[in-house]
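Peer 1: Provided herewith: upload.tsv, TSV, C-alpha atoms.
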chain	number	residue	atom	x	y	z
A	1	MET	CA	29.71	74.98	87.55
A	2	ASN	CA	29.63	76.17	83.97
A	3	SER	CA	33.00	77.88	84.03
A	4	SER	CA	34.98	74.64	83.80
A	5	LEU	CA	34.97	72.12	81.03
A	6	SER	CA	31.30	71.23	80.66
A	7	GLY	CA	28.46	71.44	78.18
A	8	LEU	CA	29.25	72.15	74.54
A	9	PRO	CA	32.96	73.01	75.09
A	10	ALA	CA	33.44	69.67	76.87
A	11	TRP	CA	31.67	67.85	74.05
A	12	LEU	CA	33.92	69.56	71.50
A	13	VAL	CA	37.11	68.92	73.49
A	14	GLN	CA	36.16	65.25	73.77
A	15	ARG	CA	35.72	64.94	69.99
A	16	LEU	CA	38.75	67.01	68.97
A	17	SER	CA	41.05	65.20	71.39
A	18	ALA	CA	39.65	61.90	70.11
A	19	LEU	CA	40.38	62.92	66.53
A	20	TYR	CA	43.96	63.91	67.34
A	21	MET	CA	44.60	60.72	69.31
A	22	THR	CA	43.18	58.62	66.46
A	23	LEU	CA	45.52	60.24	63.93
A	24	PHE	CA	48.48	59.98	66.31
A	25	THR	CA	47.72	56.29	66.89
A	26	LEU	CA	47.58	55.68	63.15
A	27	PHE	CA	51.00	57.31	62.67
A	28	ALA	CA	52.44	55.51	65.71
A	29	VAL	CA	51.24	52.08	64.56
A	30	VAL	CA	52.46	52.53	60.98
A	31	GLY	CA	55.72	54.13	62.14
A	32	GLY	CA	56.28	51.43	64.76
A	33	TRP	CA	55.64	48.74	62.18
A	34	LEU	CA	58.16	50.22	59.73
A	35	ALA	CA	60.84	51.10	62.29
A	36	ALA	CA	60.78	48.04	64.57
A	37	PRO	CA	62.87	46.64	66.09
A	38	LEU	CA	64.58	49.62	67.73
A	39	ASP	CA	67.63	49.46	70.00
A	40	TYR	CA	68.02	51.80	72.98
A	41	PRO	CA	69.92	54.63	71.21
A	42	ALA	CA	67.35	54.68	68.41
A	43	TRP	CA	64.51	54.69	70.97
A	44	ARG	CA	66.13	57.65	72.75
A	45	ALA	CA	66.75	59.47	69.46
A	46	LEU	CA	63.10	58.99	68.51
A	47	PHE	CA	61.75	60.87	71.54
A	48	ALA	CA	64.57	63.43	71.42
A	49	HIS	CA	63.31	64.55	68.01
A	50	PRO	CA	61.35	67.81	68.41
A	51	LEU	CA	58.52	66.73	66.14
A	52	VAL	CA	58.02	63.40	67.91
A	53	SER	CA	58.29	64.86	71.42
A	54	ILE	CA	55.83	67.67	70.65
A	55	ALA	CA	53.38	65.33	68.91
A	56	THR	CA	53.65	62.89	71.84
A	57	ALA	CA	53.18	65.67	74.40
A	58	MET	CA	50.08	66.80	72.48
A	59	PHE	CA	48.82	63.22	72.50
A	60	PHE	CA	49.03	63.08	76.28
A	61	ILE	CA	47.50	66.54	76.74
A	62	SER	CA	44.61	65.30	74.56
A	63	LEU	CA	44.45	62.11	76.60
A	64	LEU	CA	44.20	63.96	79.93
A	65	LEU	CA	41.51	66.33	78.62
A	66	HIS	CA	39.63	63.38	77.10
A	67	ALA	CA	39.88	61.47	80.39
A	68	TRP	CA	38.55	64.51	82.26
A	69	VAL	CA	35.44	64.77	80.09
A	70	GLY	CA	34.82	61.01	80.00
A	71	MET	CA	35.33	60.33	83.70
A	72	ARG	CA	33.34	63.45	84.56
A	73	ASP	CA	30.45	62.00	82.53
A	74	LEU	CA	30.72	58.73	84.45
A	75	ILE	CA	30.78	60.51	87.82
A	76	LEU	CA	27.77	62.67	86.96
A	77	ASP	CA	25.85	59.65	85.63
A	78	TYR	CA	26.60	57.08	88.31
A	79	ALA	CA	27.82	58.73	91.52
A	80	GLY	CA	24.41	59.70	92.83
A	81	ARG	CA	22.93	63.13	93.24
A	82	SER	CA	24.71	64.46	96.30
A	83	PRO	CA	26.56	67.63	95.24
A	84	ALA	CA	29.16	67.11	97.99
A	85	ILE	CA	30.08	63.62	96.76
A	86	ARG	CA	30.13	64.77	93.14
A	87	LEU	CA	32.37	67.70	93.97
A	88	MET	CA	34.70	65.51	95.97
A	89	LEU	CA	35.02	62.93	93.18
A	90	LEU	CA	35.52	65.63	90.55
A	91	ALA	CA	38.21	67.25	92.70
A	92	LEU	CA	39.95	63.88	93.16
A	93	LEU	CA	39.78	63.28	89.41
A	94	GLY	CA	41.15	66.73	88.65
A	95	GLY	CA	43.98	66.35	91.15
A	96	TRP	CA	44.89	62.92	89.79
A	97	LEU	CA	44.93	64.16	86.18
A	98	ILE	CA	47.10	67.15	87.13
A	99	ALA	CA	49.52	64.79	88.89
A	100	LEU	CA	49.66	62.58	85.80
A	101	GLY	CA	50.24	65.69	83.68
A	102	LEU	CA	53.24	66.72	85.79
A	103	TRP	CA	54.64	63.20	85.63
A	104	LEU	CA	54.19	63.19	81.85
A	105	ALA	CA	55.96	66.53	81.52
A	106	ARG	CA	58.88	64.98	83.41
A	107	ILE	CA	59.01	61.98	81.06
A	108	VAL	CA	58.80	64.14	77.93
A	109	LEU	CA	61.60	66.36	79.27
A	110	LEU	CA	63.61	63.26	80.16
A	111	GLY	CA	63.15	62.19	76.56
A	112	VAL	CA	64.56	65.41	75.11
A	113	ALA	CA	67.42	65.71	77.65
A	114	PRO	CA	70.82	64.92	76.12
B	1	MET	CA	13.71	63.11	93.87
B	2	GLN	CA	10.89	61.11	92.30
B	3	THR	CA	9.66	63.00	89.27
B	4	SER	CA	7.19	60.47	87.93
B	5	ASN	CA	5.53	57.18	88.75
B	6	ARG	CA	6.80	55.39	85.69
B	7	PRO	CA	8.06	51.88	86.46
B	8	VAL	CA	11.82	51.45	86.79
B	9	PHE	CA	13.36	48.15	85.71
B	10	LEU	CA	17.07	47.90	86.32
B	11	HIS	CA	17.78	44.20	86.77
B	12	LEU	CA	21.15	44.11	85.04
B	13	LEU	CA	21.02	40.38	84.32
B	14	GLN	CA	17.57	40.48	82.77
B	15	ILE	CA	17.77	43.62	80.68
B	16	HIS	CA	18.18	42.65	77.05
B	17	LEU	CA	20.60	45.09	75.44
B	18	PRO	CA	20.73	45.28	71.65
B	19	LEU	CA	24.17	44.98	70.05
B	20	THR	CA	24.47	48.74	69.65
B	21	GLY	CA	23.75	49.06	73.37
B	22	TRP	CA	26.58	46.64	74.16
B	23	ILE	CA	28.99	48.67	72.05
B	24	SER	CA	27.92	51.74	74.00
B	25	ILE	CA	28.35	50.33	77.50
B	26	LEU	CA	31.63	48.66	76.52
B	27	HIS	CA	32.86	52.03	75.27
B	28	ARG	CA	32.26	53.43	78.74
B	29	ILE	CA	33.75	50.44	80.57
B	30	THR	CA	36.88	50.29	78.40
B	31	GLY	CA	37.32	54.05	78.82
B	32	ALA	CA	37.23	53.74	82.61
B	33	LEU	CA	39.60	50.74	82.56
B	34	LEU	CA	42.09	52.57	80.34
B	35	PHE	CA	41.93	55.54	82.70
B	36	LEU	CA	42.63	53.29	85.69
B	37	LEU	CA	45.56	51.50	84.05
B	38	LEU	CA	47.14	54.63	82.52
B	39	PRO	CA	50.00	54.75	85.08
B	40	LEU	CA	51.32	51.38	83.85
B	41	PRO	CA	52.24	52.42	80.28
B	42	LEU	CA	53.57	55.71	81.63
B	43	TYR	CA	55.84	53.89	84.06
B	44	LEU	CA	57.06	51.53	81.32
B	45	TRP	CA	57.71	54.45	78.98
B	46	GLN	CA	59.68	56.28	81.68
B	47	ARG	CA	61.77	53.20	82.53
B	48	SER	CA	62.49	52.55	78.87
B	49	LEU	CA	63.84	56.08	78.36
B	50	GLU	CA	65.81	56.32	81.63
B	51	SER	CA	68.63	53.90	80.87
B	52	GLU	CA	69.78	51.08	78.64
B	53	THR	CA	69.12	48.57	81.46
B	54	GLY	CA	65.67	50.02	82.00
B	55	TYR	CA	64.93	49.64	78.28
B	56	ALA	CA	66.06	46.00	78.30
B	57	GLN	CA	64.06	45.30	81.48
B	58	VAL	CA	60.88	46.74	79.99
B	59	LEU	CA	61.30	44.67	76.80
B	60	ASP	CA	61.97	41.51	78.85
B	61	TRP	CA	58.96	42.20	81.02
B	62	LEU	CA	56.71	42.73	78.00
B	63	GLU	CA	57.91	39.43	76.51
B	64	SER	CA	57.31	37.46	79.71
B	65	TRP	CA	54.11	35.61	80.49
B	66	PRO	CA	51.54	37.17	82.67
B	67	PRO	CA	52.41	40.64	81.32
B	68	ARG	CA	51.65	39.53	77.77
B	69	LEU	CA	48.06	38.94	78.80
B	70	LEU	CA	47.98	42.38	80.38
B	71	VAL	CA	49.28	43.87	77.14
B	72	LEU	CA	46.54	42.04	75.26
B	73	LEU	CA	43.87	43.40	77.60
B	74	LEU	CA	45.18	46.96	77.38
B	75	LEU	CA	45.48	46.68	73.60
B	76	TRP	CA	42.01	45.22	73.37
B	77	TRP	CA	40.36	47.85	75.53
B	78	PHE	CA	42.20	50.57	73.63
B	79	ALA	CA	41.19	49.09	70.27
B	80	HIS	CA	37.55	48.71	71.25
B	81	HIS	CA	37.42	52.23	72.66
B	82	LEU	CA	39.08	53.56	69.49
B	83	PHE	CA	36.86	51.67	67.02
B	84	ALA	CA	33.65	52.45	68.88
B	85	GLY	CA	34.83	56.04	69.23
B	86	ILE	CA	35.38	56.39	65.48
B	87	ARG	CA	31.85	55.02	65.04
B	88	TYR	CA	30.50	57.74	67.35
B	89	LEU	CA	32.44	60.45	65.54
B	90	LEU	CA	30.87	59.29	62.27
B	91	LEU	CA	27.42	59.21	63.90
B	92	ASP	CA	28.04	62.79	65.08
B	93	LEU	CA	28.61	63.69	61.44
B	94	ASP	CA	25.32	61.98	60.53
B	95	TYR	CA	26.95	58.98	58.86
B	96	GLY	CA	25.27	55.64	59.48
B	97	VAL	CA	22.51	56.92	61.72
B	98	ASP	CA	19.68	54.71	60.45
B	99	LEU	CA	19.18	51.49	62.35
B	100	ALA	CA	20.34	49.02	59.71
B	101	GLN	CA	23.59	50.89	59.13
B	102	ALA	CA	24.13	51.40	62.87
B	103	ARG	CA	23.87	47.63	63.33
B	104	VAL	CA	26.37	47.00	60.55
B	105	SER	CA	28.85	49.47	62.02
B	106	ALA	CA	28.41	47.90	65.47
B	107	ARG	CA	29.37	44.54	63.91
B	108	LEU	CA	32.36	46.17	62.23
B	109	VAL	CA	33.54	47.38	65.64
B	110	LEU	CA	33.38	43.78	66.95
B	111	LEU	CA	35.19	42.58	63.83
B	112	GLY	CA	37.95	45.12	64.53
B	113	ASP	CA	38.20	43.81	68.12
B	114	ALA	CA	38.59	40.26	66.78
B	115	LEU	CA	41.26	41.44	64.34
B	116	VAL	CA	43.30	42.89	67.20
B	117	LEU	CA	43.12	39.51	68.94
B	118	LEU	CA	44.45	37.85	65.77
B	119	ILE	CA	47.30	40.34	65.51
B	120	TRP	CA	48.19	39.67	69.13
B	121	LEU	CA	48.20	35.89	68.50
B	122	TRP	CA	50.48	36.46	65.53
B	123	TRP	CA	52.83	38.48	67.74
B	124	LEU	CA	53.14	35.55	70.22
Starting from the coordinates I provided, produce the structure as structure tokens.
Peer 2:
Amino acid sequence: MNSSLSGLPAWLVQRLSALYMTLFTLFAVVGGWLAAPLDYPAWRALFAHPLVSIATAMFFISLLLHAWVGMRDLILDYAGRSPAIRLMLLALLGGWLIALGLWLARIVLLGVAP
Amino acid sequence: MQTSNRPVFLHLLQIHLPLTGWISILHRITGALLFLLLPLPLYLWQRSLESETGYAQVLDWLESWPPRLLVLLLLWWFAHHLFAGIRYLLLDLDYGVDLAQARVSARLVLLGDALVLLIWLWWL
């Protein structure tokens, strides 16, 4: 069980992803405040920009990793002690996060498509 | 697996949590709620990028009534999770660990939550 994201690495990933998401949120709020209101072409152009699309993709990668560590903590704390149930819930969580990741990749690519 | 005979008291309605304890459990609850509602912002983002009509529909939807409340809730959960999270990052770095300071920072988190509510009201 120690090969996946657990223990100290998980703790670190949780904090580092949190830090990145905090900074991204700060930029997004300030940028949104200054740029609003945007029309559709401007909105498209925003996410077509390499810097914005990469920073956004990194935000969502951070989010998915952060969600893995956080939800894993909740499952281990509250879902009882049966290893079978824990494993099943962790597998469901992992599958769901991977599905979200694929969906997100699609949206980011949609954003950079001409 | 009973490891000791210490008494266990878990009556959720009678346990008195200190403020810092509330911040902690709310951090967990808001994290789980944000996780559960994550598909919604993703769907809206996708629709808004797909086409000009999609973009207009998303904006209309966000300006309409029950959704505005949903936006407030999402914003609020996100804000609380963010503020409490920053507090924990600082605690990790040994800032504000003593009880008096921890209580002050817990109040600051609640103040931040209230501020987000005010900003939302201003947006109405």
Peer 1: Ranking B:Ala106, B:Leu19, B:Leu70, B:Leu36 by minimum distance to Trp96 in chain A and counting all atoms listed in the file, which one comes first?
Peer 2: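 With all atoms listed in the file as the atom set, the closest residue is B:Leu36.
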Peer 1: If you count all atoms listed in the file, which residues fall within 9 Å of Ala45 in chain A, apart from same-chain ones fewer than 4 positions away, as a list in words?
Peer 2: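 Returned residues: Tyr40, Pro41, His49, Gly111 and Val112 of chain A.
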Peer 1: Enter the distance from CA of Ile29 in chain B to CA of Ser4 in chain B, in Å, rounded to one decimal.
Peer 2: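 Between CA of Ile29 in chain B and CA of Ser4 in chain B the gap works out to 29.3 Å.
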Peer 1: Enumerate as an MDAnalysis selection string the residues belonging to chain B that approach chain A to within 8 Å, with all atoms listed in the file taken into account.
Peer 2: chainID B and resid 28 31:32 35 39 42 45:46 49:50 52 55 82 85 89
Peer 1: Could you tell me how far CA of Trp76 in chain B lies from CA of Leu115 in chain B, in Å and to one decimal?
Peer 2: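 Between these atoms lies a distance of 9.8 Å.
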Peer 1: What is the CA of Leu65 in chain A to CA of Tyr20 in chain A distance in Å?
Peer 2: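 Calculated distance between CA of Leu65 in chain A and CA of Tyr20 in chain A is 11.8 Å.
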Peer 1: Nearest to Ala28 in chain A among A:Arg72, A:Leu90, A:Phe59, A:Asp77, with distances taken over only C-alpha atoms: which residue is it?
Peer 2: A:Phe59
Peer 1: Please provide as a short mmCIF file (atom, residue, chain, number, x, y, z; two decimals) with C-alpha atoms, in the frame of the given file all residues within 8 Å of Leu75 in chain B, with the sequence filter that same-chain residues fewer than 4 positions apart are discarded (counting only C-alpha atoms).
Peer 2:
data_model
loop_
_atom_site.label_atom_id
_atom_site.label_comp_id
_atom_site.auth_asym_id
_atom_site.auth_seq_id
_atom_site.Cartn_x
_atom_site.Cartn_y
_atom_site.Cartn_z
CA VAL B 71 49.28 43.87 77.14
CA ALA B 79 41.19 49.09 70.27
CA VAL B 116 43.30 42.89 67.20
#
Peer 1: Could you give me, as a list in words, the residues that sit within 12 Å of (64.9, 44.6, 80.6) in the file's coordinates, counting all atoms listed in the file?
Peer 2: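 The requested residues, written out, are Asp39 and Tyr40 of chain A; Leu44, Arg47, Ser48, Leu49, Glu50, Ser51, Glu52, Thr53, Gly54, Tyr55, Ala56, Gln57, Val58, Leu59, Asp60, Trp61, Leu62, Glu63 and Ser64 of chain B.
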Peer 1: Tell me which protein, DNA and RNA residues are within 12 Å of His80 in chain B, counting all atoms listed in the file, leaving out same-chain ones fewer than 4 positions away, and put them as an MDAnalysis selection string.
Peer 2: chainID B and resid 22:31 33:34 72:76 84:87 106:117
